[in-house]
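Asker: Pasting query_24.txt here (compact mmCIF, C-alpha atoms):
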```txt
# COMPACT_ATOMS: atom_id res chain seq x y z
CA MET A 1 17.62 -26.73 25.02
CA ASN A 2 14.16 -25.75 23.86
CA VAL A 3 13.77 -22.33 22.32
CA ILE A 4 10.36 -20.72 22.24
CA CYS A 5 9.81 -18.36 19.35
CA ILE A 6 6.93 -15.94 19.57
CA LYS A 7 5.82 -14.15 16.45
CA ILE A 8 4.39 -10.76 17.31
CA ILE A 9 1.72 -9.69 14.90
CA ALA A 10 1.86 -5.97 14.20
CA ASN A 11 -1.09 -5.28 11.94
CA PRO A 12 -4.17 -3.33 13.07
CA TYR A 13 -6.57 -6.22 12.44
CA SER A 14 -5.18 -8.95 14.64
CA GLY A 15 -2.09 -7.47 16.21
CA LEU A 16 -0.58 -4.76 18.34
CA GLY A 17 -1.44 -2.08 15.77
CA GLY A 18 -5.10 -2.56 16.66
CA ILE A 19 -4.34 -2.26 20.36
CA VAL A 20 -2.46 0.99 19.71
CA TYR A 21 -5.40 2.28 17.68
CA ALA A 22 -7.81 1.45 20.51
CA LEU A 23 -5.53 3.14 23.05
CA LEU A 24 -5.28 6.23 20.85
CA LYS A 25 -9.08 6.40 20.64
CA ALA A 26 -9.45 5.93 24.41
CA GLN A 27 -6.70 8.24 25.66
CA LYS A 28 -8.82 11.38 25.33
CA TYR A 29 -11.19 10.08 28.02
CA PHE A 30 -8.54 9.88 30.74
CA ASP A 31 -6.85 12.55 32.83
CA LYS A 32 -3.80 14.25 31.35
CA ASN A 33 -1.20 12.20 33.23
CA PHE A 34 -2.70 8.86 32.26
CA SER A 35 -3.37 10.09 28.72
CA ASP A 36 0.29 11.14 28.38
CA GLU A 37 1.38 7.73 29.64
CA ILE A 38 -0.82 6.03 27.04
CA LEU A 39 0.66 8.21 24.30
CA GLN A 40 4.18 7.33 25.48
CA ILE A 41 3.40 3.61 25.29
CA CYS A 42 1.88 4.05 21.83
CA GLY A 43 4.92 6.01 20.70
CA GLN A 44 7.30 3.33 21.93
CA TYR A 45 5.37 0.71 20.03
CA MET A 46 5.17 2.71 16.80
CA ASN A 47 8.91 3.46 16.95
CA THR A 48 9.72 -0.25 17.09
CA GLN A 49 7.75 -1.12 13.96
CA HIS A 50 9.65 -2.26 10.92
CA PHE A 51 7.36 -1.64 8.01
CA PHE A 52 7.43 -4.10 5.12
CA GLY A 53 9.10 -3.07 1.88
CA ASP A 54 6.83 -2.25 -1.04
CA ARG A 55 7.68 -5.53 -2.80
CA ILE A 56 5.70 -7.54 -0.25
CA ALA A 57 1.94 -7.85 -0.71
CA ALA A 58 1.28 -6.90 2.93
CA TYR A 59 2.68 -3.43 2.17
CA TYR A 60 -0.53 -2.63 0.30
CA MET A 61 -3.03 -4.10 2.78
CA TYR A 62 -5.08 -1.94 5.11
CA LEU A 63 -5.95 -4.03 8.15
CA ASP A 64 -3.62 -6.97 7.49
CA GLY A 65 -0.55 -4.98 6.59
CA ASN A 66 1.50 -1.84 6.36
CA LEU A 67 -1.12 0.58 5.09
CA GLY A 68 -3.08 0.22 8.31
CA LEU A 69 0.04 0.69 10.43
CA HIS A 70 0.84 3.89 8.54
CA VAL A 71 -2.69 5.15 9.21
CA VAL A 72 -2.39 4.36 12.95
CA ASN A 73 0.99 6.10 12.99
CA SER A 74 -0.55 9.19 11.35
CA ILE A 75 -3.31 9.28 13.96
CA PHE A 76 -0.67 9.04 16.69
CA HIS A 77 1.26 11.98 15.24
CA PHE A 78 -1.93 14.00 14.77
CA ILE A 79 -2.85 13.57 18.45
CA LYS A 80 0.65 14.77 19.36
CA ASN A 81 0.28 17.77 17.00
CA GLU A 82 3.09 16.45 14.80
CA SER A 83 3.12 16.15 11.04
CA ASN A 84 3.09 12.72 9.39
CA ASP A 85 1.81 12.99 5.83
CA ILE A 86 1.39 9.57 4.19
CA SER A 87 -0.18 10.80 0.95
CA LYS A 88 2.78 9.37 -1.03
CA ILE A 89 2.05 5.91 0.40
CA ILE A 90 -1.66 6.29 -0.41
CA LYS A 91 -0.80 7.25 -4.00
CA LYS A 92 1.56 4.28 -4.33
CA VAL A 93 -1.11 1.89 -3.06
CA ALA A 94 -3.73 3.45 -5.36
CA ALA A 95 -1.42 2.98 -8.35
CA GLN A 96 -1.32 -0.80 -7.88
CA LYS A 97 -3.22 -2.56 -10.65
CA TYR A 98 -4.26 -5.70 -8.85
CA SER A 99 -7.81 -6.97 -8.92
CA ARG A 100 -7.80 -10.18 -6.91
CA HIS A 101 -8.80 -8.62 -3.59
CA HIS A 102 -11.38 -5.90 -3.09
CA ALA A 103 -12.46 -6.26 0.52
CA ILE A 104 -11.60 -3.82 3.30
CA ASN A 105 -9.24 -6.22 5.05
CA LYS A 106 -6.80 -6.83 2.18
CA GLY A 107 -8.09 -5.17 -0.94
CA ARG A 108 -8.95 -2.05 -2.86
CA CYS A 109 -11.69 -1.03 -0.41
CA GLY A 110 -9.07 -1.06 2.33
CA LEU A 111 -7.44 1.83 0.49
CA LEU A 112 -10.78 3.65 0.53
CA ALA A 113 -11.17 2.92 4.26
CA ALA A 114 -7.65 4.24 4.87
CA ILE A 115 -8.48 7.50 3.06
CA LEU A 116 -11.64 7.92 5.15
CA THR A 117 -9.87 7.10 8.41
CA LEU A 118 -7.09 9.58 7.71
CA LYS A 119 -9.64 12.28 7.00
CA LEU A 120 -11.80 11.56 10.05
CA GLU A 121 -9.17 10.60 12.64
CA ALA A 122 -6.08 12.58 11.60
CA ASN A 123 -7.64 15.48 9.68
CA GLN A 124 -5.39 14.51 6.77
CA GLU A 125 -6.27 14.93 3.12
CA THR A 126 -4.48 12.48 0.85
CA ASN A 127 -4.67 14.73 -2.21
CA LEU A 128 -5.36 11.68 -4.31
CA ASP A 129 -6.24 12.78 -7.81
CA ASP A 130 -9.96 12.35 -8.59
CA LYS A 131 -9.07 10.40 -11.73
CA VAL A 132 -7.03 7.87 -9.71
CA LEU A 133 -9.80 7.56 -7.13
CA GLN A 134 -12.36 7.02 -9.89
CA GLU A 135 -10.14 4.31 -11.40
CA VAL A 136 -10.04 2.49 -8.05
CA LEU A 137 -13.82 2.78 -7.67
CA SER A 138 -14.48 1.71 -11.27
CA ASN A 139 -12.18 -1.28 -10.86
CA VAL A 140 -14.02 -2.42 -7.73
CA ILE A 141 -17.43 -2.04 -9.42
CA ASN A 142 -16.43 -3.61 -12.75
CA VAL A 143 -14.78 -6.64 -11.16
CA GLY A 144 -17.89 -7.19 -9.02
CA LEU A 145 -20.19 -6.95 -12.04
CA GLU A 146 -18.00 -9.26 -14.15
CA PHE A 147 -17.63 -11.86 -11.40
CA SER A 148 -21.36 -11.86 -10.75
CA LYS A 149 -22.13 -12.34 -14.44
CA GLU A 150 -19.45 -15.00 -15.03
CA HIS A 151 -20.59 -17.07 -12.05
CA SER A 152 -24.36 -16.48 -12.44
CA MET A 153 -24.60 -14.98 -8.96
CA GLU A 154 -27.90 -13.70 -7.58
CA ALA A 155 -26.45 -10.35 -6.51
CA PRO A 156 -25.45 -7.90 -9.25
CA LEU A 157 -22.11 -7.32 -7.45
CA SER A 158 -20.22 -10.39 -6.26
CA TYR A 159 -16.58 -10.98 -5.47
CA SER A 160 -16.47 -14.63 -4.44
CA GLU A 161 -18.55 -17.74 -4.86
CA ASP A 162 -18.88 -18.25 -1.12
CA LYS A 163 -21.35 -15.34 -0.91
CA ASN A 164 -19.42 -13.64 1.88
CA LEU A 165 -21.55 -10.74 3.11
CA GLY A 166 -19.25 -9.67 5.96
CA PHE A 167 -17.78 -6.25 6.56
CA LEU A 168 -14.04 -6.98 6.49
CA ASN A 169 -13.89 -9.61 3.76
CA GLY A 170 -17.26 -9.41 2.09
CA LEU A 171 -19.83 -7.56 0.11
CA TYR A 172 -21.15 -5.42 2.97
CA GLY A 173 -17.81 -3.69 3.49
CA ILE A 174 -17.28 -3.20 -0.23
CA LEU A 175 -20.72 -1.62 -0.63
CA GLN A 176 -20.17 0.60 2.40
CA MET A 177 -16.94 1.98 0.92
CA LEU A 178 -18.56 2.50 -2.49
CA LEU A 179 -21.41 4.42 -0.86
CA ARG A 180 -18.97 6.59 1.11
CA PHE A 181 -17.38 7.64 -2.21
CA GLU A 182 -20.68 7.93 -4.05
CA LEU A 183 -19.96 11.39 -5.49
CA GLN A 184 -16.68 10.27 -7.05
CA ILE A 185 -18.29 7.29 -8.78
CA HIS A 186 -20.22 9.40 -11.26
```
Would you kindly transcribe this structure into structure tokens?

Answerer:
Amino acid sequence: MNVICIKIIANPYSGLGGIVYALLKAQKYFDKNFSDEILQICGQYMNTQHFFGDRIAAYYMYLDGNLGLHVVNSIFHFIKNESNDISKIIKKVAAQKYSRHHAINKGRCGLLAAILTLKLEANQETNLDDKVLQEVLSNVINVGLEFSKEHSMEAPLSYSEDKNLGFLNGLYGILQMLLRFELQIH
């Protein structure tokens, strides 16, 4: 007997979390009945999610992990006029002292993107202490400067030798997040 095993990807980047996010964004353009049906489907999906424990690296990732799912869940609850404060999760992610990844998809700038998304899409302030936010920003900048210098890169900020300029995994996304938090950098 052959058994087919299908792994369902949940994250917002390449899984059902992204579909739920798109549905949540689109539901306001439909009539009330269809909009309510969309919200019901989104709710069923979000209720079935088993979030990773905080000992797994994916817990701290924005688009490839739990952090993004928590953000999508907060947007869902905001649309339904329900409370879903994830500021404790944001603070826990901000407290992590890792420096290997800085891109939006898996790294420190994903945390910054999550903060912005919560503010814009769910009207939620994370109440992250300015000092902690400045530490995250300084870490992203300093690692980029050090990497660029150590590897004699052309750009003053570099995070990998492959010169990735993309938004999700590259320099463009990192710079965009740094510019969005420009006032906190100083």

Asker: Find the residues around segment 119-124 of chain A up to 6 Å (all atoms listed in the file counted), leave out those fewer than 3 positions away in its own chain, and share them as a list of chain:residue names.

Answerer: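 Counting only the stated atoms, we get A:Ile75, A:Phe78, A:Leu116.
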
Asker: With C-alpha atoms retained, write the just-selected residues as a PDB file, in the coordinates of the input.

Answerer:
```pdb
ATOM      1  CA  ILE A  75      -3.310   9.280  13.960  1.00  0.00           C
ATOM      2  CA  PHE A  78      -1.930  14.000  14.770  1.00  0.00           C
ATOM      3  CA  LEU A 116     -11.640   7.920   5.150  1.00  0.00           C
TER       4      LEU A 116
END
```

Asker: Taking only C-alpha atoms into account, which of A:Thr48, A:Asn105, A:Asn164, A:Thr126 comes nearest Asn84 of chain A?

Answerer: A:Thr126

Asker: Could you tell me which of A:Gly43, A:Gly68, A:Gly170, A:Gly18 comes closest to Ile115 of chain A if we count all atoms listed in the file?

Answerer: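 Residue with the minimum atom-to-atom distance to Ile115 of chain A: A:Gly68.
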
Asker: Give the answer as one residue: which of A:Asn66, A:Gln96, A:Ser87, A:Ser160 has the shortest atom-to-atom distance to Leu118 of chain A, using only C-alpha atoms?

Answerer: A:Ser87

Asker: Which one is closest to Leu165 of chain A: A:Ala103, A:Asn127, A:Tyr45, A:Ala94? Count all atoms listed in the file.

Answerer: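 Checking each candidate against Leu165 of chain A, we get A:Ala103 as the closest.
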
Asker: At what distance in Å, to one decimal, does atom CA of Glu150 of chain A lie from atom CA of Leu112 of chain A?

Answerer: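 Computing the Euclidean distance for atom CA of Leu112 of chain A and atom CA of Glu150 of chain A yields 25.8 Å.
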
Asker: Tell me which of A:Phe167, A:Gly65, A:Phe76, A:Val71 sits closest to Asp36 of chain A, counting all atoms listed in the file.

Answerer: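 Ranking A:Phe167, A:Gly65, A:Phe76, A:Val71 by distance to Asp36 of chain A, first place goes to A:Phe76.
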
Asker: Using all atoms listed in the file for the distances, tell me which of A:Ala22, A:Ile174, A:Leu183, A:Ile104 is nearest to Asp130 of chain A.

Answerer: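 Using all atoms listed in the file, Asp130 of chain A sits closest to A:Leu183.
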
Asker: By how many Å are atom CA of Ile9 of chain A and atom CA of Lys92 of chain A apart?

Answerer: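 So the answer is 23.8 Å.
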
Asker: So the first atom is atom CA of Met61 of chain A and the second is atom CA of Gln27 of chain A; what is the distance between them in Å, to one decimal place?

Answerer: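 About the pair atom CA of Met61 of chain A and atom CA of Gln27 of chain A: they are 26.3 Å apart.
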
Asker: Would you list the contacts of Leu111 of chain A as number ranges by chain, taking every protein, DNA or RNA residue within 9 Å and counting all atoms listed in the file, but skipping same-chain residues closer than 2 positions in sequence?

Answerer: A: 60-62, 67, 90, 93-94, 104, 106-109, 113-116, 136

Asker: What's around Val72 of chain A at 8 Å? Count only C-alpha atoms, leave out sequence neighbours fewer than 2 positions away in its own chain, and write the answer as a ChimeraX atom specification.

Answerer: /A:12,17,20-21,68-70,74-76
